[in-house]
Each structure stands twice: as C-alpha cells, then as structure tokens.
Amino acid sequence: GFDDIYLSRLLTPRLTTVHAPIEELGSKAVRYLLKLIDGEVNPLEAYHEKLSTGLIIGGSCGCTSASPSPLF
C-alpha cells in the first residue's frame with residue numbers, strides 16, 4: 001500500500017506500506033490551486049513538490065526483526 005491506512009495495521013501479517021503526509025499534500029494542493037486562480041503561476045509550467053515519506057515495514061514484505069537473509 002502507499003497510504004499507510006489504519007486498516008493495514010489490523011491485518012495479519014501487517015501490511016508493508018508507505019506513509020504519505022496526506023494533510024500536507026492537501027494543503028499544498030489547495031495553496032497551488034489558489035495561486036492558479038489568482039494568476040500567480042503559469043498552468044502550462046511543470047510544478048513539483050517533494051514531501052517527506054516513510055516506509056512502514058510490516059510482515060507482508062517477508063522481513064523479520066533480524067537482518068534479512070541473502071536472496072541467493
């Protein structure tokens with residue numbers, strides 16, 4: 001999964017997922033939309049934002065609390 005939903009913590013094994021800062025993403029999207037409406041940015045130019053994410057390792061990846069074994 002890519003959204004670290006609460007349900008991922010309730011499953012067995014727990015899902016490995018990526019935490020994405022949804023509130024920050026929404027806030028930045030609204031601010032950018034308001035800039036578009038006000039004519040402060042060119043809608044034809046590419047726009048990029050980098051947000052911090054985090055890997056939430058669960059049991060679904062096959063990992064254990066110990067160091068992973070070699071694949072071969």
# chains A, B, ... in the order shown; residues from 1 in each chain; ligands from 1
>>> residues_around(residues="Asp3 (chain A)", least_positions_apart="2", cutoff="12 Å", atoms="only C-alpha atoms", output="short mmCIF file (atom, residue, chain, number, x, y, z; two decimals) with N, CA and C atoms, in the first residue's frame")
data_model
loop_
_atom_site.label_atom_id
_atom_site.label_comp_id
_atom_site.auth_asym_id
_atom_site.auth_seq_id
_atom_site.Cartn_x
_atom_site.Cartn_y
_atom_site.Cartn_z
N GLY A 1 0.81 -1.18 0.00
CA GLY A 1 0.00 0.00 0.00
C GLY A 1 0.86 1.25 0.00
N ILE A 5 -2.85 3.34 5.54
CA ILE A 5 -4.19 3.41 6.12
C ILE A 5 -4.25 2.61 7.41
N TYR A 6 -5.15 2.98 8.28
CA TYR A 6 -5.29 2.31 9.58
C TYR A 6 -5.53 0.82 9.41
N LEU A 7 -6.29 0.43 8.41
CA LEU A 7 -6.60 -0.98 8.18
C LEU A 7 -5.34 -1.82 8.01
N SER A 8 -4.27 -1.24 7.48
CA SER A 8 -3.03 -2.01 7.26
C SER A 8 -2.44 -2.51 8.57
N ARG A 9 -2.76 -1.85 9.69
CA ARG A 9 -2.25 -2.26 11.00
C ARG A 9 -3.07 -3.40 11.59
N LEU A 15 0.51 -5.14 6.82
CA LEU A 15 0.98 -4.74 5.50
C LEU A 15 2.18 -3.80 5.59
N THR A 16 3.10 -3.97 4.67
CA THR A 16 4.17 -3.01 4.50
C THR A 16 3.60 -1.90 3.63
N THR A 17 3.82 -0.68 4.03
CA THR A 17 3.20 0.44 3.31
C THR A 17 4.12 1.66 3.38
N VAL A 18 3.75 2.69 2.70
CA VAL A 18 4.49 3.94 2.73
C VAL A 18 3.59 5.00 3.34
N HIS A 19 4.12 5.70 4.33
CA HIS A 19 3.36 6.79 4.94
C HIS A 19 3.55 8.03 4.08
N ALA A 20 2.45 8.58 3.63
CA ALA A 20 2.48 9.83 2.87
C ALA A 20 1.75 10.89 3.69
N PRO A 21 2.32 12.08 3.78
CA PRO A 21 1.69 13.15 4.58
C PRO A 21 0.47 13.73 3.85
N ILE A 22 -0.67 13.05 3.95
CA ILE A 22 -1.87 13.41 3.20
C ILE A 22 -2.34 14.84 3.52
N GLU A 23 -2.31 15.23 4.79
CA GLU A 23 -2.75 16.59 5.14
C GLU A 23 -1.85 17.65 4.51
N LEU A 25 -0.03 17.25 1.82
CA LEU A 25 -0.27 17.18 0.38
C LEU A 25 -1.52 17.97 0.01
N THR A 53 8.28 11.15 3.09
CA THR A 53 7.51 9.92 3.23
C THR A 53 8.29 8.98 4.13
N GLY A 54 7.67 7.92 4.56
CA GLY A 54 8.36 6.96 5.41
C GLY A 54 7.89 5.56 5.10
N LEU A 55 8.82 4.64 5.07
CA LEU A 55 8.50 3.24 4.84
C LEU A 55 8.08 2.61 6.16
N ILE A 56 6.90 2.02 6.18
CA ILE A 56 6.38 1.32 7.36
C ILE A 56 6.47 -0.16 7.05
#
>>> select_by_dssp(residues="chain A", states="strand (DSSP E)", output="list in words")
Thr17, Val18, His19, Gly54, Leu55 and Ile56 of chain A
>>> write_last_selection(atoms="N, CA and C atoms", output="PDB file, in the first residue's frame")
ATOM      1  N   THR A  17       3.817  -0.677   4.026  1.00  0.00           N
ATOM      2  CA  THR A  17       3.203   0.441   3.314  1.00  0.00           C
ATOM      3  C   THR A  17       4.116   1.659   3.382  1.00  0.00           C
ATOM      4  N   VAL A  18       3.748   2.685   2.702  1.00  0.00           N
ATOM      5  CA  VAL A  18       4.493   3.945   2.730  1.00  0.00           C
ATOM      6  C   VAL A  18       3.588   5.002   3.343  1.00  0.00           C
ATOM      7  N   HIS A  19       4.121   5.695   4.332  1.00  0.00           N
ATOM      8  CA  HIS A  19       3.363   6.791   4.941  1.00  0.00           C
ATOM      9  C   HIS A  19       3.550   8.029   4.082  1.00  0.00           C
ATOM     10  N   GLY A  54       7.668   7.924   4.556  1.00  0.00           N
ATOM     11  CA  GLY A  54       8.357   6.963   5.406  1.00  0.00           C
ATOM     12  C   GLY A  54       7.887   5.556   5.104  1.00  0.00           C
ATOM     13  N   LEU A  55       8.817   4.639   5.068  1.00  0.00           N
ATOM     14  CA  LEU A  55       8.497   3.237   4.840  1.00  0.00           C
ATOM     15  C   LEU A  55       8.078   2.609   6.158  1.00  0.00           C
ATOM     16  N   ILE A  56       6.897   2.021   6.183  1.00  0.00           N
ATOM     17  CA  ILE A  56       6.380   1.324   7.355  1.00  0.00           C
ATOM     18  C   ILE A  56       6.474  -0.165   7.046  1.00  0.00           C
TER      19      ILE A  56
END
>>> closest_residue(among="A:Glu45, A:Leu11, A:Lys35, A:Asp4", to="Gly59 (chain A)", atoms="only C-alpha atoms")
A:Leu11
>>> select_by_dssp(residues="chain A", states="alpha helix (DSSP H)", output="VMD selection string")
chain A and resid 7 to 10 22 to 37
>>> atom_distance(atom1="CA of Leu51 (chain A)", atom2="CA of Gly39 (chain A)")
24.4 Å
>>> residues_around(residues="Pro43 (chain A)", least_positions_apart="5", cutoff="12 Å", atoms="only C-alpha atoms", output="list in words")
Tyr32, Leu33, Leu34, Lys35, Leu36, Ile37 and Asp38 of chain A
